[in-house]
$ cat input27.cif   # mmCIF, C-alpha atoms
data_data
#
loop_
_atom_site.label_atom_id
_atom_site.label_comp_id
_atom_site.auth_asym_id
_atom_site.auth_seq_id
_atom_site.Cartn_x
_atom_site.Cartn_y
_atom_site.Cartn_z
CA MET I 328 12.59 30.67 -11.68
CA GLU I 329 9.61 29.08 -13.36
CA GLY I 330 6.62 31.22 -14.11
CA SER I 331 8.63 34.42 -14.40
CA GLU I 332 7.77 34.73 -18.08
CA ILE I 333 4.08 34.58 -17.23
CA SER I 334 4.38 37.27 -14.61
CA MET I 335 6.02 39.61 -17.10
CA GLU I 336 2.97 39.41 -19.34
CA SER I 337 0.29 39.79 -16.74
CA GLY I 338 2.22 42.66 -15.20
CA SER I 339 1.86 44.80 -18.30
CA SER I 340 -1.88 44.22 -18.83
CA ALA I 341 -4.43 45.04 -16.16
CA PRO I 342 -4.74 42.07 -13.80
CA PRO I 343 -8.18 40.42 -13.73
CA GLU I 344 -10.31 41.02 -10.65
CA THR I 345 -11.04 37.42 -9.78
CA ILE I 346 -9.06 34.26 -10.26
CA ASP I 347 -10.56 30.85 -10.82
CA LEU I 348 -8.57 28.56 -8.56
CA ARG I 349 -10.36 25.49 -9.90
CA ARG I 350 -9.18 26.29 -13.39
CA GLU I 351 -5.69 26.82 -12.06
CA LEU I 352 -5.89 23.36 -10.49
CA ALA I 353 -6.98 21.85 -13.79
CA GLU I 354 -4.27 23.66 -15.74
CA THR I 355 -1.46 22.29 -13.61
CA HIS I 356 -2.82 18.71 -13.91
CA VAL I 357 -2.38 18.34 -10.18
CA GLN I 358 -5.97 17.20 -9.93
CA ASP I 359 -5.07 14.14 -12.02
CA VAL I 360 -2.34 13.15 -9.62
CA LEU I 361 -4.54 13.80 -6.59
CA ASP I 362 -7.34 11.72 -8.11
CA GLN I 363 -4.91 8.97 -8.91
CA LEU I 364 -3.72 9.08 -5.31
CA ASP I 365 -7.32 8.69 -4.14
CA ARG I 366 -7.97 5.86 -6.55
CA GLU I 367 -4.87 3.81 -6.05
CA LEU I 368 -4.13 4.27 -2.38
CA VAL I 369 -6.59 2.75 0.05
CA GLY I 370 -7.32 4.57 3.31
CA LEU I 371 -4.65 7.04 4.55
CA ALA I 372 -7.23 9.80 4.95
CA PRO I 373 -5.04 12.16 7.03
CA VAL I 374 -2.17 11.79 4.57
CA LYS I 375 -4.34 12.60 1.57
CA LYS I 376 -5.82 15.56 3.40
CA ARG I 377 -2.39 17.00 4.11
CA ILE I 378 -1.29 16.50 0.52
CA ARG I 379 -4.37 18.39 -0.65
CA GLN I 380 -3.55 21.21 1.74
CA ILE I 381 0.00 21.44 0.43
CA ALA I 382 -1.27 21.40 -3.15
CA ALA I 383 -3.72 24.21 -2.33
CA LEU I 384 -0.98 26.29 -0.73
CA LEU I 385 1.29 25.89 -3.73
CA ILE I 386 -1.44 26.76 -6.21
CA VAL I 387 -2.38 29.90 -4.30
CA ASP I 388 1.31 30.75 -4.13
CA ARG I 389 1.65 30.34 -7.88
CA VAL I 390 -1.26 32.66 -8.51
CA ARG I 391 0.06 35.20 -6.02
CA ARG I 392 3.44 35.23 -7.69
CA ARG I 393 1.82 35.72 -11.07
CA MET I 394 -0.16 38.66 -9.75
CA GLY I 395 3.07 40.19 -8.53
CA LEU I 396 2.40 39.65 -4.83
CA GLU I 397 5.21 38.91 -2.43
CA SER I 398 5.57 35.17 -2.00
CA GLU I 399 8.40 33.51 -0.20
CA THR I 400 9.26 29.95 -1.16
CA PRO I 401 7.57 27.80 1.48
CA THR I 402 9.60 25.12 3.24
CA LEU I 403 8.38 21.75 2.11
CA HIS I 404 10.70 19.33 3.84
CA MET I 405 8.61 16.55 5.34
CA SER I 406 8.80 13.69 7.72
CA PHE I 407 6.71 10.57 7.19
CA THR I 408 6.17 8.51 10.30
CA GLY I 409 4.19 5.34 10.59
CA ASN I 410 4.35 1.63 11.15
CA PRO I 411 5.90 -0.69 8.59
CA GLY I 412 3.94 -1.21 5.41
CA THR I 413 1.75 1.88 5.66
CA GLY I 414 2.78 3.27 2.28
CA LYS I 415 5.43 5.85 3.14
CA THR I 416 7.65 5.15 0.14
CA THR I 417 4.72 5.00 -2.27
CA VAL I 418 3.42 8.36 -1.11
CA ALA I 419 6.91 9.89 -1.35
CA LEU I 420 7.04 8.89 -5.01
CA ARG I 421 3.68 10.55 -5.63
CA MET I 422 4.80 13.60 -3.71
CA ALA I 423 7.66 14.09 -6.15
CA GLN I 424 5.21 14.07 -9.06
CA ILE I 425 2.82 16.48 -7.36
CA LEU I 426 5.52 18.97 -6.44
CA HIS I 427 6.89 18.79 -9.96
CA LYS I 428 3.50 19.48 -11.53
CA LEU I 429 3.07 22.43 -9.21
CA GLY I 430 6.42 23.75 -10.37
CA TYR I 431 7.87 23.66 -6.88
CA ILE I 432 10.70 21.34 -7.87
CA ARG I 433 12.19 21.48 -11.33
CA LYS I 434 12.68 17.81 -12.24
CA GLY I 435 10.38 15.62 -10.15
CA HIS I 436 12.62 12.61 -9.67
CA LEU I 437 12.92 10.75 -6.39
CA VAL I 438 16.28 9.69 -5.01
CA SER I 439 15.70 7.08 -2.32
CA VAL I 440 18.59 6.52 0.09
CA THR I 441 19.38 4.96 3.45
CA ARG I 442 22.23 5.49 5.90
CA ASP I 443 24.62 3.43 3.78
CA ASP I 444 24.35 5.83 0.86
CA LEU I 445 25.11 8.92 2.93
CA VAL I 446 27.59 7.88 5.59
CA GLY I 447 31.14 6.86 4.75
CA GLN I 448 33.33 4.22 6.29
CA TYR I 449 36.35 6.25 7.26
CA ILE I 450 37.28 9.84 8.12
CA GLY I 451 36.75 12.19 5.20
CA HIS I 452 34.60 9.74 3.29
CA THR I 453 31.22 10.97 4.47
CA ALA I 454 31.17 14.54 3.16
CA PRO I 455 31.88 13.68 -0.51
CA LYS I 456 29.44 10.79 -0.35
CA THR I 457 26.63 12.90 1.08
CA LYS I 458 27.36 15.72 -1.34
CA GLU I 459 27.29 13.31 -4.27
CA ILE I 460 23.82 12.13 -3.26
CA LEU I 461 22.62 15.69 -2.70
CA LYS I 462 23.88 16.69 -6.15
CA LYS I 463 22.01 13.78 -7.65
CA ALA I 464 18.82 14.80 -5.85
CA MET I 465 18.97 18.47 -6.87
CA GLY I 466 15.77 19.53 -8.57
CA GLY I 467 13.91 16.58 -7.10
CA VAL I 468 13.03 14.83 -3.87
CA LEU I 469 15.55 13.17 -1.56
CA PHE I 470 13.86 10.37 0.37
CA ILE I 471 15.81 9.17 3.40
CA ASP I 472 14.36 5.90 4.60
CA GLU I 473 14.81 4.98 8.27
CA ALA I 474 16.44 8.33 8.87
CA TYR I 475 17.06 7.67 12.58
CA TYR I 476 19.96 5.39 11.69
CA LEU I 477 21.86 8.53 10.67
CA TYR I 478 22.25 9.36 14.32
CA ARG I 479 23.83 6.83 16.64
CA GLN I 480 23.74 8.27 20.09
CA GLU I 481 25.77 5.47 21.63
CA ASN I 482 28.78 6.45 19.48
CA GLU I 483 29.61 10.12 19.51
CA ARG I 484 32.32 9.72 16.87
CA ASP I 485 29.87 8.18 14.44
CA TYR I 486 30.22 9.67 10.97
CA GLY I 487 26.43 10.03 10.72
CA GLN I 488 26.68 13.34 12.53
CA GLU I 489 28.71 14.75 9.65
CA ALA I 490 26.06 13.70 7.13
CA ILE I 491 23.39 15.29 9.31
CA GLU I 492 25.25 18.60 9.39
CA ILE I 493 25.61 18.72 5.60
CA LEU I 494 21.96 17.78 5.16
CA LEU I 495 20.80 20.50 7.54
CA GLN I 496 22.87 23.10 5.75
CA VAL I 497 21.50 22.21 2.32
CA MET I 498 17.94 21.94 3.64
CA GLU I 499 18.24 25.48 4.91
CA ASN I 500 20.19 27.18 2.12
CA GLN I 501 18.83 25.42 -0.96
CA ARG I 502 15.19 25.10 -0.13
CA GLU I 503 14.18 25.93 -3.67
CA ASP I 504 16.48 23.27 -5.15
CA LEU I 505 15.34 20.13 -3.40
CA VAL I 506 12.83 18.68 -0.97
CA VAL I 507 13.99 16.28 1.72
CA ILE I 508 11.61 13.66 3.07
CA LEU I 509 12.62 11.69 6.16
CA ALA I 510 10.77 8.48 6.86
CA GLY I 511 10.70 5.95 9.64
CA TYR I 512 8.81 4.34 12.46
CA ALA I 513 7.06 6.79 14.74
CA GLU I 514 8.73 6.26 18.14
CA ARG I 515 12.25 6.08 16.77
CA MET I 516 11.70 9.16 14.61
CA ASP I 517 10.46 11.04 17.68
CA GLN I 518 13.63 10.12 19.49
CA PHE I 519 15.70 11.13 16.47
CA PHE I 520 14.05 14.55 16.37
CA ARG I 521 14.54 15.00 20.09
CA SER I 522 18.29 14.44 19.77
CA ASN I 523 18.50 16.58 16.59
CA PRO I 524 16.36 19.65 17.21
CA GLY I 525 17.77 21.22 14.04
CA PHE I 526 15.86 18.72 11.96
CA ARG I 527 12.58 19.20 13.77
CA SER I 528 12.55 22.94 13.16
CA ARG I 529 13.53 22.68 9.51
CA ILE I 530 10.77 20.26 8.66
CA ALA I 531 7.44 21.93 8.05
CA HIS I 532 5.24 18.93 7.57
CA HIS I 533 5.11 16.02 9.96
CA ILE I 534 2.75 13.51 8.42
CA ASP I 535 1.66 10.48 10.37
CA PHE I 536 0.63 7.36 8.49
CA PRO I 537 -2.10 5.50 10.39
CA ASP I 538 -2.41 1.72 10.44
CA TYR I 539 -4.89 0.24 8.00
CA THR I 540 -8.21 -1.11 9.25
CA ASP I 541 -9.26 -4.68 8.43
CA PRO I 542 -11.63 -3.73 5.59
CA GLU I 543 -8.92 -1.51 4.10
CA LEU I 544 -6.44 -4.37 4.20
CA MET I 545 -9.01 -6.59 2.48
CA GLN I 546 -9.39 -3.99 -0.22
CA ILE I 547 -5.61 -3.80 -0.61
CA ALA I 548 -5.42 -7.60 -0.85
CA LYS I 549 -8.03 -7.65 -3.58
CA SER I 550 -6.31 -4.98 -5.64
CA MET I 551 -2.95 -6.77 -5.22
CA LEU I 552 -4.52 -9.99 -6.49
CA ALA I 553 -6.26 -8.20 -9.34
CA ALA I 554 -2.95 -6.73 -10.43
CA GLN I 555 -1.60 -10.28 -10.80
CA SER I 556 -4.78 -11.66 -12.43
CA TYR I 557 -5.87 -13.61 -9.37
CA LYS I 558 -9.11 -13.43 -7.43
CA PHE I 559 -10.63 -14.82 -4.23
CA SER I 560 -13.39 -17.40 -4.24
CA GLU I 561 -16.21 -16.60 -1.84
CA ALA I 562 -14.89 -19.03 0.76
CA GLY I 563 -11.39 -17.78 0.13
CA GLU I 564 -12.41 -14.22 0.82
CA ALA I 565 -14.06 -15.17 4.12
CA ALA I 566 -10.95 -17.15 5.07
CA PHE I 567 -8.69 -14.22 4.26
CA GLU I 568 -10.82 -11.89 6.36
CA SER I 569 -10.30 -14.12 9.36
CA TYR I 570 -6.63 -14.37 8.43
CA ILE I 571 -6.23 -10.59 8.61
CA ALA I 572 -7.90 -10.46 12.01
CA ALA I 573 -5.65 -13.27 13.31
CA ARG I 574 -2.46 -11.89 11.76
CA ARG I 575 -2.98 -8.47 13.30
CA LYS I 576 -2.79 -9.95 16.79
CA GLN I 577 0.57 -11.54 16.12
CA PRO I 578 3.93 -9.84 16.53
CA LEU I 579 5.74 -8.19 13.61
CA PHE I 580 2.56 -7.29 11.82
CA SER I 581 3.47 -4.87 9.05
CA ASN I 582 0.22 -3.85 7.39
CA ALA I 583 0.20 -4.01 3.60
CA ARG I 584 3.59 -5.76 3.52
CA SER I 585 2.24 -8.62 5.63
CA ILE I 586 -0.70 -8.85 3.27
CA ARG I 587 1.58 -9.07 0.27
CA ASN I 588 3.63 -11.82 1.89
CA ALA I 589 0.50 -13.73 2.89
CA LEU I 590 -0.78 -13.55 -0.66
CA ASP I 591 2.54 -14.77 -2.01
CA ARG I 592 2.38 -17.79 0.28
CA ALA I 593 -1.24 -18.41 -0.64
CA ARG I 594 -0.25 -18.44 -4.31
CA LEU I 595 2.46 -20.96 -3.48
CA ARG I 596 -0.02 -23.27 -1.76
CA HIS I 597 -2.54 -22.69 -4.54
CA ALA I 598 -0.02 -23.86 -7.14
CA ASN I 599 0.95 -26.88 -5.07
CA ARG I 600 -2.64 -27.90 -4.45
CA TYR I 601 -3.34 -28.17 -8.16
CA PHE I 602 -0.05 -29.86 -8.80
CA GLU I 603 -0.79 -32.62 -6.33
CA GLN I 604 -4.28 -33.42 -7.59
CA ASP I 605 -4.84 -35.43 -10.74
CA GLY I 606 -7.00 -34.39 -13.62
CA PRO I 607 -7.23 -31.27 -15.75
CA VAL I 608 -7.42 -27.75 -14.35
CA SER I 609 -9.63 -24.98 -15.70
CA LEU I 610 -8.54 -21.42 -16.37
CA ASP I 611 -10.82 -20.27 -13.57
CA ASP I 612 -9.07 -22.64 -11.17
CA LEU I 613 -5.73 -21.08 -12.05
CA MET I 614 -7.07 -17.66 -11.16
CA THR I 615 -8.93 -18.42 -7.96
CA ILE I 616 -7.42 -18.44 -4.47
CA ASP I 617 -9.65 -20.71 -2.39
CA ALA I 618 -10.18 -21.18 1.35
CA PRO I 619 -7.69 -24.11 1.79
CA ASP I 620 -4.87 -21.96 0.32
CA VAL I 621 -5.43 -19.38 3.04
CA LEU I 622 -6.44 -21.62 5.95
CA ALA I 623 -3.26 -23.70 5.76
CA SER I 624 -1.36 -20.72 7.12
CA ARG I 625 0.61 -21.01 10.35
CA VAL I 626 -1.24 -17.96 11.64
CA PHE I 627 -4.27 -20.10 12.33
CA ASP I 628 -2.34 -22.81 14.25
CA SER I 629 -1.00 -20.54 16.93
CA HIS I 630 -4.17 -18.55 17.19
CA PRO I 631 -6.17 -20.77 19.61
CA SER I 632 -3.19 -21.51 21.84
CA GLU I 633 -2.44 -17.80 22.24
CA LYS I 634 -5.94 -16.98 23.38
CA MET V 564 44.26 41.76 -21.56
CA ARG V 565 40.99 39.89 -21.26
CA ILE V 566 41.46 36.33 -22.45
CA THR V 567 38.66 34.72 -24.39
CA GLN V 568 38.17 31.20 -25.64
CA GLY V 569 35.42 28.68 -26.36
CA CYS V 570 31.74 29.46 -26.79
CA PHE V 571 30.39 32.95 -26.08
CA SER V 572 33.91 34.34 -26.31
CA PHE V 573 32.64 37.51 -28.00
CA LEU V 574 30.16 38.16 -25.20
CA PRO V 575 30.83 39.70 -21.82
CA ASP V 576 31.35 37.13 -19.04
CA LEU V 577 28.16 35.18 -18.30
CA THR V 578 26.25 35.91 -15.12
CA ASP V 579 25.56 33.05 -12.71
CA ASP V 580 21.98 32.77 -13.97
CA GLN V 581 23.22 32.48 -17.53
CA ILE V 582 25.79 29.88 -16.50
CA ARG V 583 23.04 27.96 -14.72
CA SER V 584 20.83 27.83 -17.79
CA GLN V 585 23.73 26.81 -20.01
CA ALA V 586 24.56 24.03 -17.54
CA GLN V 587 20.93 22.92 -17.59
CA TYR V 588 21.07 22.84 -21.39
CA ILE V 589 24.14 20.60 -21.23
CA ILE V 590 22.45 18.27 -18.72
CA ASP V 591 19.26 18.12 -20.77
CA LYS V 592 21.32 17.16 -23.81
CA GLY V 593 22.70 14.22 -21.80
CA TRP V 594 26.30 15.44 -21.85
CA ALA V 595 28.60 15.24 -18.84
CA VAL V 596 29.37 18.57 -17.21
CA ASN V 597 33.02 19.19 -16.33
CA LEU V 598 34.76 21.97 -14.44
CA GLU V 599 38.40 22.67 -15.19
CA TYR V 600 40.86 25.29 -13.98
CA THR V 601 44.33 26.52 -14.84
CA ASP V 602 46.67 29.43 -14.24
CA ASP V 603 48.53 29.08 -17.53
CA PRO V 604 46.58 31.25 -19.94
CA HIS V 605 48.51 30.31 -23.10
CA PRO V 606 46.05 29.42 -25.91
CA ARG V 607 47.98 26.22 -26.68
CA ASN V 608 47.41 25.01 -23.12
CA THR V 609 44.40 22.74 -23.75
CA TYR V 610 44.66 20.29 -20.86
CA TRP V 611 43.44 22.04 -17.74
CA GLU V 612 43.21 20.61 -14.22
CA MET V 613 39.96 18.84 -13.55
CA TRP V 614 37.83 19.98 -10.62
CA ASP V 615 36.21 16.96 -8.92
CA LEU V 616 34.68 14.34 -11.20
CA PRO V 617 32.69 14.75 -14.40
CA MET V 618 29.03 15.22 -13.49
CA PHE V 619 27.17 12.76 -15.67
CA ASP V 620 24.44 11.67 -13.25
CA VAL V 621 23.01 14.98 -12.08
CA LYS V 622 19.56 16.10 -13.21
CA ASP V 623 19.60 19.74 -12.26
CA ALA V 624 22.01 22.61 -12.78
CA ALA V 625 21.87 23.45 -9.06
CA ALA V 626 24.35 20.62 -8.52
CA VAL V 627 26.74 22.17 -11.05
CA MET V 628 26.45 25.54 -9.35
CA ILE V 629 27.37 23.95 -5.99
CA GLU V 630 30.57 22.59 -7.50
CA LEU V 631 31.29 25.84 -9.33
CA ASP V 632 30.95 27.75 -6.07
CA ALA V 633 33.27 25.28 -4.34
CA CYS V 634 35.80 25.60 -7.17
CA ARG V 635 35.63 29.39 -7.04
CA LYS V 636 36.13 29.31 -3.30
CA ALA V 637 39.29 27.26 -3.76
CA HIS V 638 40.66 28.77 -6.96
CA GLY V 639 38.63 31.87 -7.79
CA ASP V 640 40.49 35.13 -8.53
CA ARG V 641 43.73 33.23 -9.08
CA PHE V 642 42.77 30.75 -11.79
CA TYR V 643 40.79 30.56 -14.98
CA ILE V 644 37.80 28.25 -14.63
CA ARG V 645 35.91 26.77 -17.55
CA LEU V 646 32.80 24.66 -17.82
CA SER V 647 32.49 22.09 -20.56
CA GLY V 648 29.99 19.52 -21.75
CA PHE V 649 31.32 16.18 -22.96
CA ASP V 650 29.18 14.15 -25.33
CA ALA V 651 29.96 10.47 -24.80
CA SER V 652 27.63 9.20 -27.53
CA HIS V 653 29.07 7.09 -30.32
CA GLY V 654 30.53 9.13 -33.14
CA TRP V 655 31.00 12.25 -31.03
CA GLU V 656 32.98 11.28 -27.94
CA SER V 657 34.25 14.79 -27.57
CA VAL V 658 33.62 18.14 -25.92
CA ARG V 659 30.57 19.80 -27.47
CA ILE V 660 30.53 23.05 -25.53
CA SER V 661 33.06 24.86 -23.39
CA PHE V 662 33.19 28.36 -21.97
CA ILE V 663 35.02 30.39 -19.35
CA VAL V 664 33.15 30.89 -16.08
CA GLY V 665 35.85 32.44 -13.94
CA ARG V 666 39.03 34.45 -14.43
CA PRO V 667 41.71 36.13 -12.30
CA LYS V 668 41.09 39.69 -11.12
CA THR V 669 43.98 41.11 -13.15
CA GLU V 670 45.17 39.66 -16.41
CA PRO V 671 48.57 41.12 -17.36
CA GLY V 672 48.56 39.66 -20.86
CA PHE V 673 51.36 38.38 -23.11
CA ARG V 674 54.76 39.52 -24.22
CA LEU V 675 55.96 38.94 -27.75
CA LEU V 676 59.30 37.15 -28.01
CA ARG V 677 61.44 37.61 -31.10
CA GLN V 678 64.34 35.34 -31.86
CA GLU V 679 66.88 35.49 -34.69
CA GLY V 680 66.69 32.26 -36.63
CA PRO V 681 69.12 31.00 -39.25
CA GLY V 682 69.37 33.26 -42.31
CA ARG V 683 67.85 36.40 -40.76
CA ARG V 684 64.61 34.48 -40.09
CA GLN V 685 62.47 35.84 -37.24
CA ILE V 686 60.92 33.32 -34.83
CA TYR V 687 58.01 34.71 -32.87
CA ALA V 688 56.50 33.41 -29.67
CA THR V 689 54.06 34.68 -27.08
CA GLN V 690 54.60 34.25 -23.38
CA ALA V 691 52.21 35.17 -20.58
CA TYR V 692 53.65 37.64 -18.10
CA ALA V 693 51.91 35.61 -15.43
CA ALA V 694 53.91 32.53 -16.45
CA ASP V 695 57.10 34.12 -15.11
CA ARG V 696 56.10 32.96 -11.70
CA PRO V 697 55.77 29.28 -10.71
CA GLU V 698 52.48 27.47 -11.03
CA GLY V 699 50.01 28.29 -8.27
CA ASP V 700 51.62 31.69 -7.51
CA ARG V 701 50.84 33.28 -10.85
CA TYR V 702 47.88 35.50 -10.14
CA LYS V 703 48.54 36.22 -6.48
CA SER V 704 48.16 39.89 -5.80
#

$ encode --input "input27.cif" --output "structure tokens"
Amino acid sequence: MEGSEISMESGSSAPPETIDLRRELAETHVQDVLDQLDRELVGLAPVKKRIRQIAALLIVDRVRRRMGLESETPTLHMSFTGNPGTGKTTVALRMAQILHKLGYIRKGHLVSVTRDDLVGQYIGHTAPKTKEILKKAMGGVLFIDEAYYLYRQENERDYGQEAIEILLQVMENQREDLVVILAGYAERMDQFFRSNPGFRSRIAHHIDFPDYTDPELMQIAKSMLAAQSYKFSEAGEAAFESYIAARRKQPLFSNARSIRNALDRARLRHANRYFEQDGPVSLDDLMTIDAPDVLASRVFDSHPSEK
Amino acid sequence: MRITQGCFSFLPDLTDDQIRSQAQYIIDKGWAVNLEYTDDPHPRNTYWEMWDLPMFDVKDAAAVMIELDACRKAHGDRFYIRLSGFDASHGWESVRISFIVGRPKTEPGFRLLRQEGPGRRQIYATQAYAADRPEGDRYKS
């Protein structure tokens, strides 16, 4: 395992009395990843808190192992639950980096799969398929999106059950080789765990992703625009704020994903607006999303009638 | 008679940890890891049976060890198993490393065959005692 060469050295010399955990944190460069997480991901306070706790546990574990104390490999399989567009996949990617920097997993790559990648189409097809994916994920993180599709309770001969059994076995026996993260919407994941108690008990960390608040969504919108060299005009920003409030009340609201789609449509209208008008356009015009681009949205039409 | 071939043939058999780090070396080099097995120990027998598919898309040696364990479960104690690394890059396109990772419990060795050739010439050949039995039955105890 990693770190064994360090423990050999410190074992021979007298171990120091105190250990500086902060320095340990700096040495592993985990702080960089945690800071980056704070910087780039808006909101998600409970998620960030849990990630910090896991990082702390792993660092203490590292130190303990170096000092020759007994330390069993902790189980780090996780489940991410939350509404659509709350950043589950993004955080899973970061998680792979963090665990790699902490030396918990050896490679730090993320293999993202859904039911299709694990479950076969005929008898005897599932086991090799699942094993192939597991082999690919060894040394990294296996991210199973919408994990509840693995289990179809209406069909007891469904091949998903076979994939689940193989997964459970590997999650138990090869804890030090890979980390499995299950993700999905909260209610359906709850039901999935109820019908597969084996999963519930093998997963140490159940992390719930809360919905974003309106100001957080605004912040996300601005950073999305900035990444594409766009910005809001003052009127545009006010219009988008009212858009977020109106969109939230409508069905199928999916947080940051809805925001991204709204911005894409706003860019479309923005381009068309300048195309239809005569006369030259300034560089600033090309960068600025204005109120009409946002207010033309269908969201505002249905809003008064619904109320 | 303990049969040796390939890399590390002058060393005692590798432990699982040593096999794991060699496999990781192969993966890190970007070569495909292959597992092969046979029960014909003759040195001229170069084409062994392939276990599963070549592993060219794994990142960690743990995956190789899973397959090695599965292969040992199916063929261990009765077959020789070897692990090889195939370099597919242009100009090489050949096996770069290969070593034995499993062998039968007992290895009876080879007999020397002598044949009279024309004009008092001696023709020599080696034949594995194990090869007297049909394939698959050779190292059954």

$ resolve_selection --input "input27.cif" --expression "the PyMOL selection byres ((chain I) within 7 of (chain V))" --output "list in words"
Lys462, Lys463, Met465, Gly466 and Asp504 of chain I

$ resolve_selection --input "input27.cif" --expression "the PyMOL selection byres ((chain I and resi 440) around 7)" --output "ChimeraX atom specification"
/I:438-439,441-442,444,470-472

$ resolve_selection --input "input27.cif" --expression "the PyMOL selection byres ((chain V and resi 649) around 10)" --output "ChimeraX atom specification"
/V:589,593-597,617-619,647-648,650-652,655-661

$ closest_residue --input "input27.cif" --among "I:Val390, I:Val360, I:Leu396, I:Leu461" --to "Arg421 of chain I" --atoms "only C-alpha atoms"
I:Val360

$ residues_around --input "input27.cif" --residues "Ala566 of chain I" --least-positions-apart "5" --cutoff "12 Å" --atoms "all atoms listed in the file" --output "ChimeraX atom specification"
/I:545,559-561,571-573,593,616-624,626-627

$ residues_around --input "input27.cif" --residues "Arg607 of chain V" --least-positions-apart "2" --cutoff "12 Å" --atoms "all atoms listed in the file" --output "MDAnalysis selection string"
chainID V and resid 568 603:605 609:611 688:691

$ atom_distance --input "input27.cif" --atom1 "atom CA of Leu403 of chain I" --atom2 "atom CA of Arg502 of chain I"
7.9 Å

$ atom_distance --input "input27.cif" --atom1 "atom CA of Tyr692 of chain V" --atom2 "atom CA of Pro667 of chain V"
13.4 Å

$ closest_residue --input "input27.cif" --among "I:Pro542, I:Gly435, I:Gly447, I:Gly487" --to "Leu469 of chain I" --atoms "all atoms listed in the file"
I:Gly435

$ atom_distance --input "input27.cif" --atom1 "atom CA of Ala548 of chain I" --atom2 "atom CA of Thr416 of chain I"
18.3 Å

$ closest_residue --input "input27.cif" --among "I:Ile491, I:Ala583, I:Leu352, I:Ala474" --to "Thr540 of chain I" --atoms "all atoms listed in the file"
I:Ala583

$ residues_around --input "input27.cif" --residues "Leu598 of chain V" --least-positions-apart "2" --cutoff "6 Å" --atoms "only C-alpha atoms" --output "ChimeraX atom specification"
/V:614,645-646
